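Student: The file below is my_file_8.txt, compact mmCIF, C-alpha atoms and all ligand atoms:
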```txt
# COMPACT_ATOMS: atom_id res chain seq x y z
CA MET A 1 -19.82 14.61 -9.96
CA SER A 2 -19.64 13.03 -6.51
CA THR A 3 -18.96 14.04 -2.94
CA VAL A 4 -15.95 11.99 -1.88
CA LEU A 5 -14.58 11.49 1.64
CA ILE A 6 -10.96 10.29 1.80
CA THR A 7 -9.84 9.03 5.21
CA GLY A 8 -6.05 9.26 5.50
CA GLY A 9 -6.27 11.73 2.63
CA ALA A 10 -3.25 13.74 3.79
CA GLY A 11 -0.98 10.72 3.28
CA PHE A 12 1.25 9.71 0.39
CA ILE A 13 -1.44 8.15 -1.80
CA GLY A 14 -4.40 10.11 -0.38
CA SER A 15 -3.07 13.60 -1.06
CA ARG A 16 -2.39 12.79 -4.73
CA LEU A 17 -5.78 11.11 -5.02
CA ALA A 18 -7.46 14.18 -3.49
CA ALA A 19 -5.72 16.39 -6.06
CA ARG A 20 -6.74 14.08 -8.92
CA LEU A 21 -10.41 13.86 -7.86
CA THR A 22 -10.63 17.62 -7.25
CA GLY A 23 -9.21 18.19 -10.73
CA GLU A 24 -11.94 15.91 -12.13
CA GLY A 25 -14.58 18.11 -10.49
CA HIS A 26 -15.46 16.01 -7.44
CA GLU A 27 -16.15 17.65 -4.08
CA VAL A 28 -13.45 16.21 -1.82
CA THR A 29 -13.21 16.10 1.97
CA VAL A 30 -10.03 14.79 3.55
CA ALA A 31 -10.04 13.50 7.13
CA ASP A 32 -6.66 12.74 8.67
CA VAL A 33 -4.95 12.68 12.07
CA LEU A 34 -1.63 13.86 10.53
CA HIS A 35 0.22 11.02 12.22
CA PRO A 36 3.63 12.29 13.41
CA GLN A 37 5.44 9.15 12.14
CA VAL A 38 4.27 10.02 8.62
CA HIS A 39 4.06 13.82 8.66
CA SER A 40 6.81 14.78 11.14
CA GLY A 41 4.75 17.76 12.36
CA ARG A 42 4.73 19.45 8.92
CA GLY A 43 0.94 19.88 8.88
CA TRP A 44 -1.31 19.48 5.83
CA PRO A 45 0.71 18.58 2.72
CA ASP A 46 1.24 21.17 -0.03
CA GLU A 47 -0.13 18.68 -2.62
CA LEU A 48 -3.70 19.19 -1.31
CA PRO A 49 -5.53 21.71 -3.51
CA ALA A 50 -7.11 24.71 -1.75
CA GLU A 51 -10.66 23.49 -2.57
CA VAL A 52 -10.23 20.29 -0.52
CA VAL A 53 -12.06 20.44 2.82
CA ARG A 54 -9.67 19.34 5.60
CA HIS A 55 -10.73 17.69 8.85
CA PRO A 56 -8.19 16.97 11.59
CA PHE A 57 -9.64 13.68 12.67
CA ASP A 58 -8.93 10.31 14.28
CA VAL A 59 -10.77 7.31 12.78
CA THR A 60 -10.86 5.52 16.14
CA VAL A 61 -12.89 8.26 17.89
CA PRO A 62 -16.71 7.91 17.58
CA THR A 63 -17.42 11.61 18.26
CA ALA A 64 -14.98 12.55 15.48
CA TRP A 65 -17.12 10.54 13.04
CA ASP A 66 -20.30 12.20 14.32
CA ALA A 67 -18.81 15.67 13.82
CA LEU A 68 -17.47 14.77 10.35
CA LEU A 69 -20.69 13.17 9.12
CA SER A 70 -22.72 16.13 10.33
CA THR A 71 -20.86 18.26 7.75
CA THR A 72 -20.57 15.85 4.80
CA ARG A 73 -22.80 13.11 3.33
CA PRO A 74 -20.30 11.38 1.03
CA ASP A 75 -21.46 9.49 -2.07
CA VAL A 76 -18.15 7.60 -1.95
CA VAL A 77 -15.83 6.86 0.99
CA VAL A 78 -12.22 6.07 0.08
CA HIS A 79 -10.75 4.45 3.17
CA LEU A 80 -6.98 4.95 3.33
CA ALA A 81 -6.33 5.88 6.99
CA ALA A 82 -4.12 3.18 8.45
CA GLU A 83 -1.10 2.25 10.48
CA THR A 84 1.20 0.80 7.82
CA GLY A 85 4.32 -0.47 9.57
CA THR A 86 4.54 -4.10 8.49
CA GLY A 87 7.49 -5.06 10.72
CA GLN A 88 6.32 -2.70 13.45
CA SER A 89 2.93 -4.46 13.53
CA LEU A 90 4.50 -7.61 14.98
CA THR A 91 5.49 -5.72 18.16
CA GLU A 92 2.70 -3.11 18.13
CA ALA A 93 -0.23 -5.31 17.19
CA SER A 94 -2.87 -3.44 19.21
CA ARG A 95 -1.96 -0.09 17.69
CA HIS A 96 -2.45 -1.58 14.21
CA GLY A 97 -5.64 -3.37 15.29
CA ARG A 98 -7.05 -0.19 16.86
CA VAL A 99 -6.55 2.09 13.86
CA ASN A 100 -7.03 -0.38 11.02
CA VAL A 101 -9.75 -2.65 12.39
CA VAL A 102 -11.55 -0.59 15.07
CA GLY A 103 -11.10 2.54 12.91
CA THR A 104 -13.05 0.71 10.18
CA THR A 105 -15.80 -0.50 12.53
CA GLU A 106 -16.07 3.09 13.85
CA LEU A 107 -16.47 4.26 10.24
CA VAL A 108 -19.50 2.03 9.69
CA ASP A 109 -20.92 2.74 13.17
CA GLY A 110 -20.60 6.46 12.45
CA LEU A 111 -22.50 5.99 9.18
CA SER A 112 -25.19 3.98 10.98
CA ARG A 113 -25.62 6.72 13.62
CA ALA A 114 -25.75 9.36 10.88
CA GLY A 115 -28.32 7.29 8.96
CA HIS A 116 -26.23 7.59 5.83
CA VAL A 117 -25.25 4.90 3.31
CA PRO A 118 -22.67 5.92 0.68
CA SER A 119 -23.22 4.34 -2.72
CA ARG A 120 -19.66 2.99 -2.68
CA PHE A 121 -16.63 2.31 -0.52
CA VAL A 122 -13.15 2.09 -2.01
CA LEU A 123 -10.61 0.35 0.18
CA ALA A 124 -6.83 0.43 -0.35
CA SER A 125 -6.00 -3.09 0.77
CA SER A 126 -2.60 -4.67 0.44
CA ARG A 127 -0.73 -7.47 -1.27
CA ALA A 128 0.39 -8.28 2.29
CA VAL A 129 -2.86 -10.24 2.77
CA TYR A 130 -1.39 -13.03 0.61
CA GLY A 131 1.61 -13.72 2.86
CA GLU A 132 4.09 -15.91 0.95
CA GLY A 133 1.44 -16.49 -1.74
CA ARG A 134 1.42 -19.34 -4.25
CA TRP A 135 4.44 -20.97 -5.86
CA ILE A 136 4.78 -23.59 -8.57
CA THR A 137 7.38 -26.36 -8.55
CA ASP A 138 9.58 -27.17 -11.54
CA GLU A 139 7.30 -30.20 -12.03
CA GLY A 140 4.30 -27.84 -12.44
CA VAL A 141 2.63 -28.37 -9.04
CA ALA A 142 1.15 -25.15 -7.59
CA TYR A 143 1.11 -24.87 -3.81
CA ASP A 144 0.53 -22.38 -0.95
CA ALA A 145 4.02 -21.47 0.28
CA ALA A 146 4.68 -21.79 4.00
CA VAL A 147 5.84 -18.89 6.15
CA ARG A 148 9.66 -18.72 6.29
CA ASP A 149 10.43 -19.16 9.96
CA ALA A 150 13.40 -17.79 11.93
CA GLY A 151 15.37 -21.07 11.64
CA ARG A 152 15.01 -21.19 7.88
CA LEU A 153 16.13 -17.58 7.46
CA ALA A 154 19.06 -17.99 9.90
CA ALA A 155 20.24 -20.92 7.75
CA GLY A 156 20.13 -18.73 4.63
CA GLU A 157 17.37 -20.85 3.09
CA TRP A 158 15.64 -17.95 1.39
CA ASP A 159 12.96 -19.63 -0.67
CA PRO A 160 9.95 -21.11 1.15
CA ALA A 161 10.20 -24.83 1.98
CA PRO A 162 9.30 -26.94 -1.08
CA PRO A 163 6.26 -29.21 -0.83
CA ALA A 164 6.79 -32.91 -0.04
CA GLY A 165 8.40 -34.74 -2.96
CA ALA A 166 9.67 -31.60 -4.74
CA ALA A 167 13.41 -30.95 -5.05
CA SER A 168 13.12 -27.17 -4.89
CA ALA A 169 10.58 -24.42 -4.18
CA GLY A 170 10.27 -23.60 -7.87
CA ARG A 171 9.06 -20.09 -8.66
CA PRO A 172 6.46 -17.70 -7.24
CA LEU A 173 3.17 -17.06 -9.04
CA PRO A 174 1.73 -13.53 -9.29
CA HIS A 175 -1.06 -12.76 -6.83
CA ARG A 176 -4.53 -12.91 -8.28
CA ALA A 177 -7.40 -12.30 -5.87
CA ALA A 178 -9.61 -14.82 -7.67
CA ASP A 179 -7.26 -17.72 -7.00
CA THR A 180 -4.61 -16.73 -4.41
CA GLN A 181 -5.85 -17.45 -0.88
CA PRO A 182 -5.22 -14.64 1.63
CA ARG A 183 -2.86 -16.03 4.29
CA PRO A 184 -1.49 -13.03 6.25
CA SER A 185 1.95 -13.54 7.78
CA ASN A 186 2.11 -10.35 9.84
CA VAL A 187 -0.37 -8.38 11.94
CA TYR A 188 -0.61 -5.44 9.51
CA ALA A 189 -1.67 -7.90 6.79
CA ALA A 190 -4.27 -9.46 9.10
CA THR A 191 -5.74 -6.02 9.85
CA LYS A 192 -5.95 -5.16 6.13
CA LEU A 193 -7.86 -8.39 5.50
CA ALA A 194 -10.13 -7.58 8.46
CA GLN A 195 -10.86 -4.16 6.89
CA GLU A 196 -11.99 -5.96 3.72
CA HIS A 197 -14.32 -8.20 5.71
CA VAL A 198 -15.79 -5.42 7.88
CA LEU A 199 -16.55 -3.16 4.93
CA GLY A 200 -17.72 -6.13 2.83
CA ALA A 201 -20.22 -7.22 5.49
CA TRP A 202 -21.61 -3.71 6.14
CA ALA A 203 -21.74 -2.74 2.46
CA SER A 204 -23.61 -5.87 1.41
CA ALA A 205 -26.09 -5.52 4.31
CA HIS A 206 -26.81 -1.94 3.16
CA SER A 207 -26.70 -2.58 -0.60
CA ALA A 208 -23.62 -0.37 -1.07
CA ASP A 209 -20.80 -1.31 -3.46
CA LEU A 210 -17.29 -2.09 -2.27
CA SER A 211 -14.17 -1.84 -4.39
CA VAL A 212 -11.14 -3.51 -2.84
CA LEU A 213 -7.83 -2.77 -4.51
CA ARG A 214 -4.95 -4.86 -3.18
CA LEU A 215 -1.95 -2.64 -3.79
CA GLN A 216 1.58 -3.95 -4.30
CA ASN A 217 4.56 -1.78 -3.18
CA VAL A 218 3.68 1.80 -4.03
CA TYR A 219 6.47 4.37 -4.49
CA GLY A 220 6.98 7.85 -5.85
CA PRO A 221 7.05 11.56 -4.99
CA GLY A 222 5.33 12.42 -1.72
CA GLN A 223 6.19 9.22 0.16
CA SER A 224 7.46 10.03 3.64
CA LEU A 225 11.26 10.34 3.61
CA THR A 226 11.42 10.26 7.40
CA ASN A 227 9.20 7.28 8.28
CA PRO A 228 11.68 4.43 8.91
CA TYR A 229 8.94 1.78 8.70
CA THR A 230 7.68 2.18 5.13
CA GLY A 231 9.04 2.65 1.65
CA ILE A 232 12.10 0.65 0.63
CA VAL A 233 12.27 2.55 -2.67
CA SER A 234 12.56 5.96 -1.01
CA LEU A 235 15.07 4.50 1.45
CA PHE A 236 17.27 3.07 -1.35
CA ALA A 237 16.86 6.29 -3.35
CA GLN A 238 18.11 8.44 -0.48
CA ILE A 239 21.14 6.17 0.05
CA GLY A 240 21.85 6.27 -3.69
CA LEU A 241 21.64 10.07 -3.78
CA ARG A 242 24.23 10.23 -0.98
CA ARG A 243 26.42 7.98 -3.22
CA GLU A 244 26.59 5.42 -0.45
CA THR A 245 26.41 1.64 -0.92
CA ILE A 246 22.91 0.16 -0.81
CA ASP A 247 22.67 -2.90 1.44
CA VAL A 248 20.43 -5.51 -0.22
CA TYR A 249 19.04 -8.23 2.05
CA GLU A 250 19.00 -12.02 1.63
CA ASP A 251 20.65 -13.01 -1.68
CA GLY A 252 19.31 -9.98 -3.52
CA SER A 253 16.54 -12.05 -5.12
CA ILE A 254 13.55 -10.95 -3.02
CA VAL A 255 10.89 -10.14 -5.63
CA ARG A 256 8.61 -7.11 -5.43
CA ASP A 257 6.20 -5.35 -7.77
CA PHE A 258 6.97 -1.63 -7.44
CA VAL A 259 4.07 0.42 -8.73
CA PHE A 260 4.30 4.15 -9.29
CA VAL A 261 1.93 6.25 -7.17
CA ASP A 262 0.23 7.96 -10.12
CA ASP A 263 -0.78 4.57 -11.54
CA VAL A 264 -2.29 3.64 -8.16
CA VAL A 265 -4.11 6.98 -8.03
CA THR A 266 -5.51 6.30 -11.50
CA ALA A 267 -6.80 2.90 -10.33
CA LEU A 268 -8.39 4.38 -7.18
CA ALA A 269 -9.93 7.31 -9.07
CA THR A 270 -11.38 4.90 -11.64
CA ALA A 271 -12.82 2.80 -8.80
CA VAL A 272 -14.49 5.93 -7.35
CA HIS A 273 -16.60 6.40 -10.49
CA ALA A 274 -16.84 2.76 -11.60
CA PRO A 275 -20.27 1.50 -12.66
CA PRO A 276 -22.28 -0.21 -9.87
CA GLY A 277 -20.94 -3.59 -8.75
CA ALA A 278 -18.21 -4.98 -6.53
CA VAL A 279 -14.55 -4.81 -7.57
CA LEU A 280 -11.74 -6.95 -6.19
CA ALA A 281 -8.47 -6.45 -8.04
CA ASP A 282 -4.69 -6.52 -7.67
CA ILE A 283 -2.80 -3.35 -8.52
CA GLY A 284 0.86 -3.54 -9.49
CA SER A 285 3.19 -2.55 -12.28
CA GLY A 286 2.78 -5.90 -14.03
CA ASP A 287 6.59 -6.10 -14.17
CA PRO A 288 8.13 -7.47 -10.95
CA THR A 289 11.79 -6.98 -10.11
CA THR A 290 14.28 -8.23 -7.54
CA LEU A 291 15.56 -5.92 -4.81
CA LEU A 292 19.01 -6.15 -6.39
CA GLY A 293 17.44 -5.10 -9.70
CA LEU A 294 15.80 -2.11 -7.99
CA ALA A 295 19.07 -1.12 -6.28
CA ARG A 296 20.91 -1.29 -9.61
CA VAL A 297 18.37 0.97 -11.33
CA ILE A 298 18.87 3.52 -8.53
CA CYS A 299 22.67 3.21 -8.68
CA ALA A 300 22.65 3.71 -12.45
CA GLN A 301 20.60 6.91 -12.04
CA THR A 302 22.52 8.33 -9.06
CA GLY A 303 26.10 7.19 -9.65
CA ALA A 304 26.13 5.25 -6.35
CA PRO A 305 28.52 2.26 -6.10
CA GLU A 306 27.44 -1.32 -6.92
CA PRO A 307 24.97 -2.52 -4.23
CA HIS A 308 26.18 -4.89 -1.51
CA VAL A 309 24.22 -8.15 -1.09
CA SER A 310 24.58 -8.72 2.64
CA GLY A 311 22.62 -11.87 3.51
CA LYS A 312 20.84 -9.95 6.29
CA TYR A 313 17.11 -10.56 6.63
CA ARG A 314 13.96 -9.39 8.40
CA LEU A 315 11.56 -11.80 10.03
CA GLY A 316 8.09 -11.35 8.50
CA ASP A 317 9.31 -10.27 5.04
CA VAL A 318 7.91 -12.45 2.29
CA ARG A 319 10.18 -13.81 -0.41
CA ALA A 320 8.13 -12.78 -3.41
CA ALA A 321 5.17 -10.58 -4.25
CA SER A 322 3.78 -9.44 -7.58
CA ALA A 323 0.35 -8.77 -9.07
CA ASP A 324 -1.55 -10.35 -11.89
CA ILE A 325 -3.14 -7.15 -13.17
CA GLY A 326 -5.52 -8.88 -15.61
CA ASP A 327 -8.61 -8.37 -13.43
CA ALA A 328 -7.75 -4.70 -12.84
CA ALA A 329 -7.43 -4.27 -16.60
CA ALA A 330 -10.79 -5.98 -17.21
CA LEU A 331 -12.73 -4.31 -14.37
CA LEU A 332 -11.13 -0.85 -14.28
CA GLY A 333 -9.38 -0.53 -17.64
CA TYR A 334 -6.16 -0.35 -15.62
CA THR A 335 -2.92 -0.04 -17.62
CA PRO A 336 0.16 1.17 -15.73
CA ALA A 337 1.81 4.13 -17.44
CA PHE A 338 5.15 4.17 -15.59
CA ASP A 339 7.94 1.60 -15.76
CA LEU A 340 10.56 1.39 -13.01
CA GLN A 341 13.13 3.54 -14.84
CA ALA A 342 10.65 6.37 -15.40
CA GLY A 343 9.18 6.14 -11.90
CA ILE A 344 12.59 6.16 -10.20
CA ALA A 345 13.65 9.17 -12.27
CA ARG A 346 10.60 11.10 -11.01
CA LEU A 347 11.18 10.03 -7.42
CA LEU A 348 14.85 11.10 -7.52
CA GLU A 349 13.91 14.44 -9.04
CA TRP A 350 11.38 15.02 -6.22
CA ILE A 351 13.83 14.03 -3.45
CA ARG A 352 16.49 16.35 -4.92
CA ALA A 353 13.99 19.21 -5.09
CA SER A 354 12.69 18.56 -1.54
CA SER A 355 16.17 18.60 -0.04
CA ARG A 356 17.19 21.91 -1.70
CA PRO A 357 17.35 24.70 0.89
N1 LIG B 1 2.16 2.65 0.23
C1 LIG B 1 2.05 1.35 -0.05
O1 LIG B 1 2.98 0.72 -0.57
C2 LIG B 1 0.76 0.63 0.22
C3 LIG B 1 0.66 -0.71 -0.20
C4 LIG B 1 -0.52 -1.40 0.07
C5 LIG B 1 -1.58 -0.77 0.72
N2 LIG B 1 -1.43 0.51 1.13
C6 LIG B 1 -2.56 1.14 1.86
O2 LIG B 1 -2.85 2.39 1.29
C7 LIG B 1 -3.32 3.28 2.30
C8 LIG B 1 -2.56 4.61 2.23
O3 LIG B 1 -1.17 4.32 2.40
P1 LIG B 1 -0.04 5.43 2.25
O4 LIG B 1 1.14 4.76 1.67
O5 LIG B 1 -0.60 6.64 1.60
O6 LIG B 1 0.27 5.69 3.78
P2 LIG B 1 0.51 7.04 4.58
O7 LIG B 1 1.03 6.63 5.92
O8 LIG B 1 1.28 8.02 3.79
O9 LIG B 1 -0.98 7.60 4.73
C9 LIG B 1 -1.87 7.14 5.73
C10 LIG B 1 -2.54 8.35 6.31
O10 LIG B 1 -3.42 7.89 7.35
C11 LIG B 1 -3.34 8.81 8.40
N3 LIG B 1 -3.74 8.16 9.65
C12 LIG B 1 -3.05 7.26 10.39
N4 LIG B 1 -3.72 6.95 11.49
C13 LIG B 1 -4.89 7.65 11.45
C14 LIG B 1 -6.00 7.77 12.32
N5 LIG B 1 -6.05 7.11 13.50
N6 LIG B 1 -7.03 8.59 11.97
C15 LIG B 1 -6.98 9.29 10.81
N7 LIG B 1 -5.94 9.25 9.96
C16 LIG B 1 -4.90 8.42 10.26
C17 LIG B 1 -1.89 9.27 8.43
O11 LIG B 1 -1.75 10.53 9.09
C18 LIG B 1 -1.56 9.34 6.94
O12 LIG B 1 -1.78 10.65 6.43
C19 LIG B 1 -3.17 2.55 3.63
O13 LIG B 1 -4.43 2.05 3.99
C20 LIG B 1 -2.22 1.42 3.32
O14 LIG B 1 -2.49 0.28 4.13
C21 LIG B 1 -0.29 1.25 0.90
```
Using the file provided, produce a representation of the structure as structure tokens.
Ligand SMILES: NC(=O)c1ccc[n+]([C@@H]2O[C@H](COP(=O)([O-])OP(=O)(O)OC[C@H]3O[C@@H](n4cnc5c(N)ncnc54)[C@H](O)[C@@H]3O)[C@@H](O)[C@H]2O)c1
Tutor:
Amino acid sequence: MSTVLITGGAGFIGSRLAARLTGEGHEVTVADVLHPQVHSGRGWPDELPAEVVRHPFDVTVPTAWDALLSTTRPDVVVHLAAETGTGQSLTEASRHGRVNVVGTTELVDGLSRAGHVPSRFVLASSRAVYGEGRWITDEGVAYDAAVRDAGRLAAGEWDPAPPAGAASAGRPLPHRAADTQPRPSNVYAATKLAQEHVLGAWASAHSADLSVLRLQNVYGPGQSLTNPYTGIVSLFAQIGLRRETIDVYEDGSIVRDFVFVDDVVTALATAVHAPPGAVLADIGSGDPTTLLGLARVICAQTGAPEPHVSGKYRLGDVRAASADIGDAAALLGYTPAFDLQAGIARLLEWIRASSRP
């Protein structure tokens, strides 16, 4: 069994991962600043088992790393601590750069000062690194889709501009790390890609392994219900439970790959004890849906009225994102266990239970 350090381990994904790894017999230390935007001053989450060692800790502070690494010599570092506000990152770029990029360079500097090289890093990266990703025209020509600019969105032209000579944009292709170029279209995405590069450079110089899992949209019990910047599924679910009308942006056909948190935790836990070697894989449900499709599943389970497709939009949102999970299956034996219906049912049950007095 290993000694595992989880940065950001009090968060949505981290606290469930800490519980899973503790249950498997690993010795788990969680280091987290308990960011008020995520935790609303509630302190350490109840999901963390009593055996987990907790460090109040800021990844950007060098002395915090020195203190932490004087008490633990982790075999594996799972790096989850991050600022995660995609839209927010366009107006608060330095905050995202400081925590996500400098926080990662401080991690490796701290390890260098401590003279310690973990055997493996596991990084929760994001599908955001792909930006608009790759599309394929009706004529079968694959191309890198351009960013949808403000003028295009204001005109209600929702799909990315088609390539020269094509009549329409065609359809999006699932992201696959091996053949989809990262082309970040917001600052958060750029910082996640930078984390991959920083850890990749340090790990290869020190002969450590790095597993990078590019997560699609994760949802499920434990996701902050008060953070207005993350989690469209929990937002829609709360509106549905109030029996109010869900407002669906653009023409309702934005595509996302909603993956249930326990499937993501399984992928991360498998990466923690994977055999030696680098891993780069996309983690999703393997079954993308439109936002209108998501809203309808929630309405059917809550009795909320038919969703309203409003034509509103957010600059920086991509039109389509989904994962090709073939590499995750081959490298990690990854098979998602939860479909959208089952995952939403569990999320609704948790929100109902959390809001009971
Ligand atoms: N949830 C998703 O849909 C999703 C998708 C792709 C990638 N990811 C990545 O997965 C990771 C975990 O995401 P999550 O959804 O659990 O987010 P979360 O916000 O619930 O958890 C992040 C944790 O990091 C902590 N943190 C923030 N700043 C810190 C700092 N300066 N020092 C120490 N701790 C700090 C927060 O307090 C929080 O507990 C992140 O790296 C995120 O980029 C998440």
Student: Measure the distance from atom C9 of ligand LIG 1 (chain B) to CA of Arg98 (chain A) in Å and round it to one decimal.
Tutor: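 Straight-line distance from atom C9 of ligand LIG 1 (chain B) to CA of Arg98 (chain A) works out to 14.3 Å.
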Student: Taking all atoms listed in the file into account, which residues have an atom no farther than 7 Å from ligand LIG 1 (chain B)? I'd like them as a PyMOL selection string.
Tutor: chain A and resi 7-14+31-35+38-39+57-60+79-84+99+103+124-127+192+214-219+223-224+231
Student: Would you list the contacts of Ala19 (chain A) as JSON, numbers by chain, taking every protein, DNA or RNA residue within 8 Å and counting all atoms listed in the file, but skipping same-chain residues closer than 2 positions in sequence?
Tutor: {"A": [15, 16, 17, 21, 22, 23, 47, 48, 49]}
Student: Give the answer as one residue: which of A:Ala142, A:Ala281, A:Val248, A:Val309 has the shortest atom-to-atom distance to Ala330 (chain A), using all atoms listed in the file?
Tutor: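 Closest to Ala330 (chain A) of all the choices is A:Ala281.
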Student: Hey, what's within 7 Å of Val255 (chain A) if we count only C-alpha atoms and toss same-chain stuff fewer than 5 positions away? As a PyMOL selection string, please?
Tutor: chain A and resi 288-291+319-321
